[in-house]
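Peer 1: Enclosed is the structure file upload_20.cif (mmCIF, C-alpha atoms).
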```cif
data_structure
loop_
_atom_site.label_atom_id
_atom_site.label_comp_id
_atom_site.auth_asym_id
_atom_site.auth_seq_id
_atom_site.Cartn_x
_atom_site.Cartn_y
_atom_site.Cartn_z
CA MET A 12 130.05 92.31 111.42
CA ALA A 13 126.79 94.24 111.54
CA ASN A 14 123.52 92.71 112.63
CA THR A 15 121.55 91.87 109.51
CA THR A 16 117.99 91.07 108.58
CA SER A 17 116.50 87.59 108.86
CA ILE A 18 114.73 87.81 105.51
CA PRO A 19 113.85 84.29 104.31
CA ILE A 20 115.36 82.75 101.16
CA ILE A 21 112.80 80.93 99.01
CA ASP A 22 113.31 78.81 95.91
CA ILE A 23 110.30 79.21 93.59
CA SER A 24 111.86 77.34 90.66
CA ASP A 25 109.74 74.27 91.48
CA SER A 26 106.57 76.19 92.25
CA GLN A 27 104.45 73.58 90.47
CA GLY A 28 105.76 70.85 92.78
CA ASP A 29 104.71 72.24 96.16
CA GLN A 30 102.90 75.43 95.24
CA ALA A 31 100.95 75.79 98.48
CA ARG A 32 104.08 75.54 100.66
CA ILE A 33 106.01 78.07 98.56
CA ALA A 34 103.02 80.43 98.47
CA GLU A 35 102.65 80.26 102.24
CA GLY A 36 106.35 81.02 102.72
CA LEU A 37 106.14 84.06 100.44
CA VAL A 38 103.13 85.47 102.25
CA ASP A 39 104.67 84.91 105.69
CA ALA A 40 107.89 86.68 104.63
CA ALA A 41 105.99 89.57 103.06
CA ALA A 42 103.78 89.98 106.12
CA LYS A 43 106.69 89.99 108.56
CA HIS A 44 109.48 91.72 106.62
CA GLY A 45 108.03 93.18 103.42
CA PHE A 46 111.05 91.58 101.71
CA VAL A 47 111.98 88.10 100.57
CA TYR A 48 115.02 86.65 98.79
CA ILE A 49 114.29 84.55 95.71
CA ARG A 50 117.06 82.10 94.94
CA ASN A 51 118.30 82.88 91.42
CA THR A 52 118.54 79.53 89.68
CA GLY A 53 118.39 81.00 86.19
CA GLN A 54 115.06 79.37 85.42
CA ASP A 55 112.88 82.49 85.33
CA ILE A 56 115.59 84.98 84.37
CA SER A 57 118.78 83.52 82.96
CA LEU A 58 122.11 84.35 84.57
CA ARG A 59 123.32 85.50 81.16
CA GLN A 60 120.47 88.01 80.99
CA VAL A 61 121.35 89.44 84.40
CA ASP A 62 125.06 89.72 83.58
CA GLN A 63 124.30 91.35 80.24
CA ALA A 64 121.91 93.84 81.85
CA PHE A 65 124.65 94.99 84.24
CA SER A 66 127.05 95.28 81.31
CA ILE A 67 124.55 97.44 79.39
CA SER A 68 124.03 99.55 82.51
CA ARG A 69 127.74 100.33 82.77
CA THR A 70 127.80 101.27 79.09
CA LEU A 71 124.78 103.52 79.53
CA PHE A 72 126.16 105.50 82.45
CA GLN A 73 129.47 105.97 80.63
CA SER A 74 127.60 107.73 77.80
CA PRO A 75 128.52 111.36 77.10
CA LEU A 76 126.62 113.74 79.35
CA GLU A 77 124.93 115.47 76.42
CA ASP A 78 123.61 112.14 75.17
CA LYS A 79 122.12 111.31 78.57
CA GLN A 80 120.65 114.81 78.85
CA ARG A 81 118.94 114.26 75.50
CA CYS A 82 117.03 111.46 77.26
CA LYS A 83 116.16 113.48 80.38
CA ILE A 84 113.41 112.02 82.53
CA GLU A 85 109.91 113.32 81.85
CA LYS A 86 106.65 113.27 83.80
CA ASN A 87 105.90 109.86 82.31
CA ASN A 88 108.71 108.59 84.61
CA GLN A 89 110.89 107.50 81.67
CA GLY A 90 114.43 108.60 80.91
CA TRP A 91 117.67 109.65 82.59
CA SER A 92 117.89 111.33 86.00
CA GLY A 93 121.19 112.93 86.96
CA MET A 94 122.86 113.43 90.31
CA HIS A 95 120.48 114.96 92.91
CA THR A 96 117.52 114.92 90.49
CA GLU A 97 115.57 112.52 92.67
CA THR A 98 114.79 113.21 96.33
CA LEU A 99 113.26 110.09 97.82
CA ASP A 100 112.96 111.51 101.34
CA PRO A 101 112.21 115.21 100.77
CA LYS A 102 111.34 115.88 104.40
CA SER A 103 114.75 114.72 105.66
CA GLN A 104 117.26 115.29 102.83
CA ARG A 105 119.14 118.57 102.45
CA VAL A 106 120.02 117.59 98.88
CA GLY A 107 118.79 115.04 96.35
CA ASP A 108 120.04 111.47 96.07
CA PHE A 109 123.70 110.81 95.19
CA LYS A 110 122.94 108.66 92.18
CA GLU A 111 122.08 108.53 88.49
CA GLY A 112 119.21 106.52 87.12
CA PHE A 113 117.67 105.51 83.82
CA ASN A 114 114.03 104.41 83.59
CA PHE A 115 112.83 102.25 80.72
CA GLY A 116 109.12 102.16 79.97
CA ALA A 117 107.40 99.74 77.66
CA PHE A 118 109.09 98.34 74.54
CA SER A 119 107.27 97.61 71.29
CA SER A 120 108.46 94.83 68.97
CA GLY A 121 111.84 94.86 70.69
CA ARG A 122 112.32 98.61 70.31
CA ALA A 123 112.29 101.35 72.94
CA THR A 124 109.35 103.76 72.83
CA GLN A 125 111.44 106.58 74.32
CA PRO A 126 114.79 108.25 73.60
CA ILE A 127 117.78 106.17 74.77
CA PRO A 128 121.54 106.87 74.59
CA LYS A 129 123.07 105.96 71.25
CA ASN A 130 125.63 103.57 72.71
CA ILE A 131 122.94 101.18 74.01
CA GLU A 132 120.78 101.20 70.88
CA PRO A 133 122.35 97.90 69.69
CA TYR A 134 120.97 96.25 72.83
CA GLU A 135 117.31 97.31 72.53
CA ALA A 136 116.05 93.79 71.85
CA ASP A 137 118.05 92.43 74.81
CA LEU A 138 116.63 95.10 77.11
CA ALA A 139 113.11 94.35 75.89
CA ALA A 140 113.58 90.63 76.56
CA PHE A 141 115.02 91.26 80.03
CA ARG A 142 112.14 93.60 80.92
CA GLU A 143 109.64 90.99 79.73
CA SER A 144 111.34 88.29 81.83
CA CYS A 145 111.15 90.54 84.88
CA HIS A 146 107.45 91.18 84.35
CA ASN A 147 106.75 87.48 83.88
CA LEU A 148 108.58 86.67 87.12
CA CYS A 149 106.53 89.30 88.94
CA ARG A 150 103.29 87.78 87.63
CA LYS A 151 104.48 84.35 88.80
CA LEU A 152 105.11 85.79 92.27
CA LEU A 153 101.74 87.56 92.26
CA LEU A 154 99.98 84.29 91.46
CA LEU A 155 101.76 82.66 94.40
CA PHE A 156 100.73 85.56 96.65
CA GLY A 157 97.15 85.06 95.49
CA ILE A 158 97.34 81.37 96.36
CA GLY A 159 98.97 82.04 99.74
CA LEU A 160 96.34 84.64 100.65
CA GLY A 161 93.47 82.43 99.55
CA VAL A 162 92.32 85.00 96.99
CA ASN A 163 89.32 83.98 94.93
CA PRO A 164 90.19 83.70 92.10
CA PRO A 165 93.91 83.06 92.79
CA ASP A 166 94.94 84.90 89.60
CA PHE A 167 93.30 88.15 90.80
CA PHE A 168 96.67 89.95 91.00
CA THR A 169 98.03 88.37 87.82
CA GLY A 170 95.07 89.58 85.78
CA ALA A 171 95.53 93.12 87.10
CA HIS A 172 99.12 93.13 85.79
CA SER A 173 98.49 92.19 82.18
CA PRO A 174 101.51 93.12 80.02
CA ASP A 175 99.06 94.25 77.32
CA LYS A 176 97.65 97.14 79.39
CA ALA A 177 99.21 100.54 80.04
CA SER A 178 100.82 100.73 83.47
CA GLY A 179 103.55 102.44 85.44
CA SER A 180 105.89 99.42 85.33
CA ILE A 181 109.52 100.51 84.95
CA LEU A 182 112.86 98.80 84.40
CA ARG A 183 115.44 100.96 86.14
CA PHE A 184 119.24 101.03 85.99
CA LEU A 185 120.99 102.78 88.89
CA TYR A 186 124.55 104.03 89.35
CA TYR A 187 125.91 105.34 92.66
CA PRO A 188 129.35 106.96 92.27
CA PRO A 189 132.04 106.02 94.80
CA PRO A 190 132.20 108.35 97.81
CA SER A 191 135.59 109.61 96.60
CA ALA A 192 133.85 111.04 93.52
CA VAL A 193 131.34 113.08 95.54
CA PRO A 194 133.41 115.18 97.99
CA SER A 195 130.40 117.46 98.55
CA ALA A 196 128.61 114.69 100.48
CA GLN A 197 128.16 115.50 104.15
CA GLU A 198 127.89 113.12 107.08
CA ALA A 199 124.08 113.28 107.15
CA ASP A 200 123.71 112.59 103.41
CA VAL A 201 122.55 109.30 101.93
CA ARG A 202 122.93 107.74 98.51
CA ALA A 203 119.16 107.18 98.25
CA GLY A 204 116.68 108.60 100.75
CA ALA A 205 114.37 106.53 102.91
CA HIS A 206 111.28 105.48 100.96
CA SER A 207 108.81 102.75 100.22
CA ASP A 208 108.22 101.55 96.67
CA TYR A 209 105.24 102.78 94.73
CA GLY A 210 103.97 99.71 92.89
CA SER A 211 102.96 96.13 93.66
CA VAL A 212 106.22 94.17 93.82
CA THR A 213 109.83 95.14 93.12
CA LEU A 214 112.68 92.97 91.87
CA LEU A 215 116.17 94.10 92.89
CA PHE A 216 119.34 92.75 91.27
CA ARG A 217 122.66 93.53 92.99
CA LEU A 218 126.34 92.74 92.55
CA LYS A 219 128.42 90.83 95.09
CA GLY A 220 130.38 93.00 97.48
CA GLN A 221 128.41 96.21 96.91
CA ALA A 222 126.81 97.24 100.20
CA GLY A 223 124.51 100.08 101.20
CA LEU A 224 120.91 98.84 101.27
CA GLU A 225 119.19 99.03 104.64
CA ILE A 226 115.61 98.47 105.79
CA LEU A 227 113.70 100.06 108.66
CA THR A 228 112.57 97.43 111.14
CA PRO A 229 109.34 97.53 113.19
CA THR A 230 111.50 98.65 116.15
CA ASN A 231 112.51 101.74 114.13
CA SER A 232 116.13 100.70 113.61
CA TRP A 233 118.09 100.42 110.37
CA VAL A 234 119.70 97.09 109.48
CA PRO A 235 121.68 96.11 106.37
CA VAL A 236 120.37 93.70 103.76
CA PRO A 237 123.27 91.51 102.53
CA VAL A 238 123.65 90.94 98.81
CA CYS A 239 124.41 87.26 99.46
CA PRO A 240 122.82 86.11 102.74
CA PRO A 241 124.14 82.97 104.44
CA GLY A 242 123.39 79.93 102.34
CA THR A 243 123.70 81.69 98.98
CA GLU A 244 127.41 82.54 98.94
CA ASN A 245 128.21 79.76 96.49
CA ASP A 246 125.21 80.24 94.21
CA PRO A 247 126.12 81.22 90.62
CA SER A 248 124.38 84.57 91.08
CA PRO A 249 123.13 86.57 94.09
CA PRO A 250 119.49 86.00 94.95
CA ILE A 251 116.87 88.40 93.61
CA LEU A 252 115.55 90.58 96.42
CA VAL A 253 111.79 91.06 96.21
CA ASN A 254 109.93 93.67 98.19
CA ILE A 255 106.30 94.61 98.60
CA GLY A 256 105.21 98.00 97.27
CA ASP A 257 102.51 100.32 98.54
CA LEU A 258 99.86 99.10 96.14
CA LEU A 259 100.05 95.44 97.19
CA SER A 260 99.94 96.62 100.79
CA TYR A 261 96.83 98.69 100.04
CA TRP A 262 95.20 95.74 98.32
CA THR A 263 95.77 93.54 101.36
CA ASN A 264 94.80 96.15 103.96
CA GLY A 265 98.36 96.18 105.27
CA LEU A 266 98.66 92.41 105.76
CA LEU A 267 101.62 92.48 103.35
CA ARG A 268 104.12 95.05 104.58
CA SER A 269 105.47 97.91 102.44
CA THR A 270 108.79 98.44 104.19
CA VAL A 271 110.79 101.66 104.17
CA HIS A 272 114.38 101.28 102.93
CA ARG A 273 117.36 103.42 101.88
CA VAL A 274 120.91 103.29 100.48
CA THR A 275 123.67 104.77 102.62
CA PHE A 276 127.31 105.79 102.51
CA SER A 277 129.94 104.23 104.74
CA SER A 278 131.72 106.30 107.36
CA PRO A 279 134.59 105.89 109.83
CA LYS A 280 132.14 107.27 112.39
CA THR A 281 129.65 104.46 111.94
CA SER A 282 128.88 104.28 115.66
CA GLU A 283 127.95 107.98 115.74
CA ASN A 284 126.50 108.58 112.30
CA ILE A 285 122.96 107.22 112.00
CA HIS A 286 123.17 107.58 108.21
CA ALA A 287 126.30 105.43 107.75
CA ALA A 288 126.06 101.94 106.35
CA ARG A 289 126.36 99.05 108.81
CA LEU A 290 128.66 96.89 106.74
CA VAL A 291 128.37 93.14 106.27
CA ASP A 292 131.53 91.05 106.03
CA GLY A 293 132.78 90.96 102.44
CA GLU A 294 130.81 94.05 101.42
CA SER A 295 131.90 97.66 101.00
CA THR A 296 130.54 101.06 100.00
CA THR A 297 133.90 102.53 98.98
CA GLY A 298 133.51 101.76 95.27
CA PRO A 299 130.77 102.49 92.75
CA ARG A 300 127.45 100.71 93.23
CA TYR A 301 125.28 99.41 90.40
CA SER A 302 121.82 97.95 90.82
CA ILE A 303 118.94 97.01 88.55
CA VAL A 304 115.34 97.32 89.64
CA TYR A 305 112.06 96.27 88.12
CA PHE A 306 109.06 98.10 89.54
CA CYS A 307 105.92 96.14 88.70
CA HIS A 308 102.68 98.12 88.63
CA PRO A 309 99.11 97.09 87.90
CA ALA A 310 97.22 98.56 84.93
CA ASN A 311 96.64 102.28 85.38
CA ASP A 312 92.88 102.03 85.82
CA ILE A 313 92.91 99.27 88.44
CA PRO A 314 91.05 100.39 91.60
CA LEU A 315 92.84 99.80 94.88
CA THR A 316 90.01 98.03 96.63
CA ALA A 317 90.58 95.18 99.08
CA VAL A 318 91.12 91.80 97.42
CA PRO A 319 88.54 88.99 97.67
CA SER A 320 90.33 87.09 100.44
CA GLU A 321 88.97 86.00 103.81
CA ARG A 322 92.48 86.27 105.28
CA VAL A 323 92.69 89.89 104.16
CA ARG A 324 89.18 90.69 105.40
CA SER A 325 89.93 89.26 108.83
CA PHE A 326 93.31 90.98 109.20
CA GLN A 327 93.18 93.41 112.12
CA GLY A 328 96.52 95.20 111.78
CA GLY A 329 95.46 97.90 109.34
CA LEU A 330 97.64 99.86 106.95
CA ALA A 331 99.10 102.47 109.29
CA THR A 332 99.91 99.94 112.02
CA THR A 333 101.59 97.42 109.72
CA ASN A 334 103.59 99.91 107.65
CA ALA A 335 105.23 101.75 110.52
CA GLY A 336 107.45 104.55 109.28
CA ASN A 337 105.73 104.66 105.87
CA PRO A 338 104.01 108.05 105.33
CA TYR A 339 102.10 106.67 102.34
CA ALA A 340 100.42 103.86 104.26
CA GLU A 341 96.95 105.44 104.27
CA ARG A 342 94.43 104.67 101.56
CA LYS A 343 94.28 108.05 99.82
CA VAL A 344 93.77 107.28 96.14
CA LEU A 345 91.45 105.26 93.95
CA THR A 346 93.59 103.93 91.13
CA ALA A 347 97.15 102.77 90.55
CA GLU A 348 97.84 105.69 88.21
CA GLU A 349 96.66 108.29 90.73
CA HIS A 350 98.92 106.87 93.41
CA LEU A 351 101.95 106.83 91.12
CA LYS A 352 101.45 110.49 90.13
CA MET A 353 101.24 111.49 93.78
CA ARG A 354 104.52 109.76 94.61
CA LEU A 355 106.38 111.10 91.56
CA GLN A 356 105.43 114.68 92.41
CA ALA A 357 106.92 114.25 95.88
CA THR A 358 110.11 112.69 94.50
CA TYR A 359 111.02 114.89 91.53
CA LEU A 360 110.80 118.29 93.17
CA GLN A 361 112.47 120.26 90.37
CA MET A 362 110.41 118.68 87.61
CA TYR A 363 107.11 119.59 89.26
CA ASP A 364 108.24 122.90 90.79
CA ASN A 365 105.90 125.81 89.96
CA SER A 366 103.85 123.61 87.66
CA GLY A 367 101.17 122.79 90.19
CA PRO A 368 99.98 119.32 91.11
CA GLU A 369 98.56 117.19 88.35
CA GLN A 370 96.61 114.97 90.71
CA LYS A 371 95.02 115.63 94.07
CA GLU A 372 95.62 113.26 96.95
#
```
Take the structure from the file and write it as structure tokens.

Peer 2:
Amino acid sequence: MANTTSIPIIDISDSQGDQARIAEGLVDAAAKHGFVYIRNTGQDISLRQVDQAFSISRTLFQSPLEDKQRCKIEKNNQGWSGMHTETLDPKSQRVGDFKEGFNFGAFSSGRATQPIPKNIEPYEADLAAFRESCHNLCRKLLLLFGIGLGVNPPDFFTGAHSPDKASGSILRFLYYPPPSAVPSAQEADVRAGAHSDYGSVTLLFRLKGQAGLEILTPTNSWVPVPVCPPGTENDPSPPILVNIGDLLSYWTNGLLRSTVHRVTFSSPKTSENIHAARLVDGESTTGPRYSIVYFCHPANDIPLTAVPSERVRSFQGGLATTNAGNPYAERKVLTAEEHLKMRLQATYLQMYDNSGPEQKE
């Protein structure tokens, strides 16, 4: 069995009961790992909603190619991205990621505001409700982070993530074909390149047994992140994996870590191939992999200035020191929207090729 992370598991379902203790645990985990498991009790997002979302995802990716192409991803970061469209680590990858994705932007009155494949149109209201539940959970977490950091007022982050304001928040479905379906993959290839997330916080939903996610530790080594860490094996659903994005790291001057991570293939040459997945018992990368991600972003016009927190002000680590291995750890931009545009241009090389940058760093 591979060595795995020691990411804490926190139950926030009773956050009103001992809010300070839960908030402190979240901040400590985010400062040390940049990741934290949230036990999925079904209180904030029902187990039925999660199961249905994965069912809709399978239906979506089984859509006819021409129907998915009709919904091709645009510069607003909404729509379908095919195999190799996205290159999350352009400096290291010879070819784009071995995955498909579909990004959902905002919904209005239970209806999508973008083209979607015909075979998921009956589920628009369900998708809208799931996206709303994800955003509400993120705001709950952000309030707890505010409390744990001693931010004044504690709802500083929550107010910046109002669901009524335009933002880059995205609900994303991901499909990674089984290795047998991509014979062109070489030993150095990865399913998703090494990257940090662009927004404030990310929610990741995974299915039992489907391996591949790894994080880069402060010692510059890759370790797997189990779907069901010890203590959650008998839970009705895997825990939700939460990670800190670049913007929350900026806001806290690097006190909260934006950790680089990737998704890898397995290989019989695991000991020699630095890109192969270090497998956890009970998990495999031989089959298809589905995951669901919610990227929570603040309102587009929010400035990325340091938060009103004495703990943040007194933190001495700094962005570049804390976020080792993260090339986007410097404070280069002024607003959330500017940062997102910068990252999208680096990720979708073909989309922005020969069109010139829309936003200066």

Peer 1: Which residues would end up in the selection if the PyMOL selection byres ((chain A and resi 50-65) around 7) were applied here, given that I need the answer as an MDAnalysis selection string?

Peer 2: chainID A and resid 20:22 24 48:49 66:69 141 144 148 248:251

Peer 1: Please enumerate the residues selected by the PyMOL selection byres ((chain A and resi 295) around 7) when evaluated against the supplied file, formatted as a list in words.

Peer 2: Gly220, Gln221, Ala222, Leu290, Gly293, Glu294, Thr296 and Thr297 of chain A

Peer 1: What would the selection look like, as a tab-separated table (two decimals) with C-alpha atoms, keeping the file's coordinate frame, if the PyMOL selection byres ((chain A and resi 32) around 12) were run on the coordinates I just shared?

Peer 2:
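To be explicit, this is the file written out as selection-v8.tsv:
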```tsv
chain	number	residue	atom	x	y	z
A	21	ILE	CA	112.80	80.93	99.01
A	22	ASP	CA	113.31	78.81	95.91
A	23	ILE	CA	110.30	79.21	93.59
A	25	ASP	CA	109.74	74.27	91.48
A	26	SER	CA	106.57	76.19	92.25
A	27	GLN	CA	104.45	73.58	90.47
A	28	GLY	CA	105.76	70.85	92.78
A	29	ASP	CA	104.71	72.24	96.16
A	30	GLN	CA	102.90	75.43	95.24
A	31	ALA	CA	100.95	75.79	98.48
A	33	ILE	CA	106.01	78.07	98.56
A	34	ALA	CA	103.02	80.43	98.47
A	35	GLU	CA	102.65	80.26	102.24
A	36	GLY	CA	106.35	81.02	102.72
A	37	LEU	CA	106.14	84.06	100.44
A	38	VAL	CA	103.13	85.47	102.25
A	39	ASP	CA	104.67	84.91	105.69
A	155	LEU	CA	101.76	82.66	94.40
A	156	PHE	CA	100.73	85.56	96.65
A	158	ILE	CA	97.34	81.37	96.36
A	159	GLY	CA	98.97	82.04	99.74
A	160	LEU	CA	96.34	84.64	100.65
```

Peer 1: What lies within 7 Å of Arg217 in chain A using only C-alpha atoms, ignoring chain neighbours under 5 positions off, as a PyMOL selection string?

Peer 2: chain A and resi 238+301-303

Peer 1: Just C-alpha atoms for this one: save the residues we selected as a tab-separated table (two decimals), in the frame of the given file.

Peer 2:
```
chain	number	residue	atom	x	y	z
A	238	VAL	CA	123.65	90.94	98.81
A	301	TYR	CA	125.28	99.41	90.40
A	302	SER	CA	121.82	97.95	90.82
A	303	ILE	CA	118.94	97.01	88.55
```

Peer 1: Rank A:Asn130, A:Phe276, A:Tyr261, A:Asp100 by their smallest atom-to-atom distance to Glu198 in chain A, using only C-alpha atoms, and report the top residue only.

Peer 2: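 For Glu198 in chain A, the nearest of the candidates is A:Phe276.
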
Peer 1: Please determine, counting all atoms listed in the file, which residue among A:Ala177, A:Ala317, A:Ile84, A:Val271 has the shortest atom-to-atom distance to Ser232 in chain A.

Peer 2: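 Of the candidates, the smallest distance to Ser232 in chain A is held by A:Val271.
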
Peer 1: In terms of the shortest atom-to-atom distance over all atoms listed in the file, which of A:His206, A:Lys129, A:Arg142, A:Arg122 is closest to Leu355 in chain A?

Peer 2: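 Using all atoms listed in the file, Leu355 in chain A sits closest to A:His206.
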
Peer 1: Assuming 5 Å of padding per side, give the centre and edge lengths of the axis-aligned box around every listed atom of range 179-185 of chain A, in Å to one decimal and as JSON.

Peer 2:
```
{"center_x": 112.3, "center_y": 100.8, "center_z": 86.6, "size_x": 27.4, "size_y": 14.0, "size_z": 14.5}
```

Peer 1: One decimal, Å: what's the distance from CA of Phe118 in chain A over to CA of Ala139 in chain A, could you say?

Peer 2: 5.8 Å

Peer 1: Could you name the residues that touch Gln80 in chain A at 12 Å or less, counting all atoms listed in the file, but leaving out those on the same chain fewer than 4 positions away, as a ChimeraX atom specification?

Peer 2: /A:72,74-76,84-85,90-94,111-113,126-129

Peer 1: Could you check how far CA of Gln125 in chain A sits from CA of Gln89 in chain A, in Å to one decimal?

Peer 2: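 Straight-line distance from CA of Gln125 in chain A to CA of Gln89 in chain A works out to 7.4 Å.
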
Peer 1: Determine the nearest neighbour of Ser320 in chain A from the options A:Pro247, A:Gly157, A:Pro194, A:Pro299, counting all atoms listed in the file.

Peer 2: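 Among the listed residues, the smallest separation from Ser320 in chain A belongs to A:Gly157.
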
Peer 1: What's the separation between CA of Gln197 in chain A and CA of Lys110 in chain A, in Å to one decimal place?

Peer 2: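 For CA of Gln197 in chain A relative to CA of Lys110 in chain A, the distance reads 14.7 Å.
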
Peer 1: Between A:Ser269, A:Thr230, A:Thr169, A:Thr124, which one has atoms that come closest to Asn147 in chain A, using only C-alpha atoms?

Peer 2: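 Using only C-alpha atoms, Asn147 in chain A sits closest to A:Thr169.
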
Peer 1: Using only C-alpha atoms, which of the listed residues (A:Pro237, A:Glu244, A:Glu132, A:Asn264) sits closest to Arg322 in chain A?

Peer 2: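 Using only C-alpha atoms, Arg322 in chain A sits closest to A:Asn264.
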
Peer 1: What are the closest atom pairs, with distances in Å to one decimal, for each residue of range 142-210 of chain A lying within 10 Å of range 103-107 of chain A, using only C-alpha atoms, rows by chain and rising residue number, as a tab-separated table?

Peer 2:
```
residue	atom	partner	partner_atom	distance
A:Ala196	CA	A:Val106	CA	9.2
A:Gln197	CA	A:Arg105	CA	9.7
A:Ala199	CA	A:Gln104	CA	8.3
A:Asp200	CA	A:Gln104	CA	7.0
A:Val201	CA	A:Gln104	CA	8.0
A:Arg202	CA	A:Gly107	CA	8.7
A:Ala203	CA	A:Gly107	CA	8.1
A:Gly204	CA	A:Gln104	CA	7.0
A:Ala205	CA	A:Ser103	CA	8.6
```
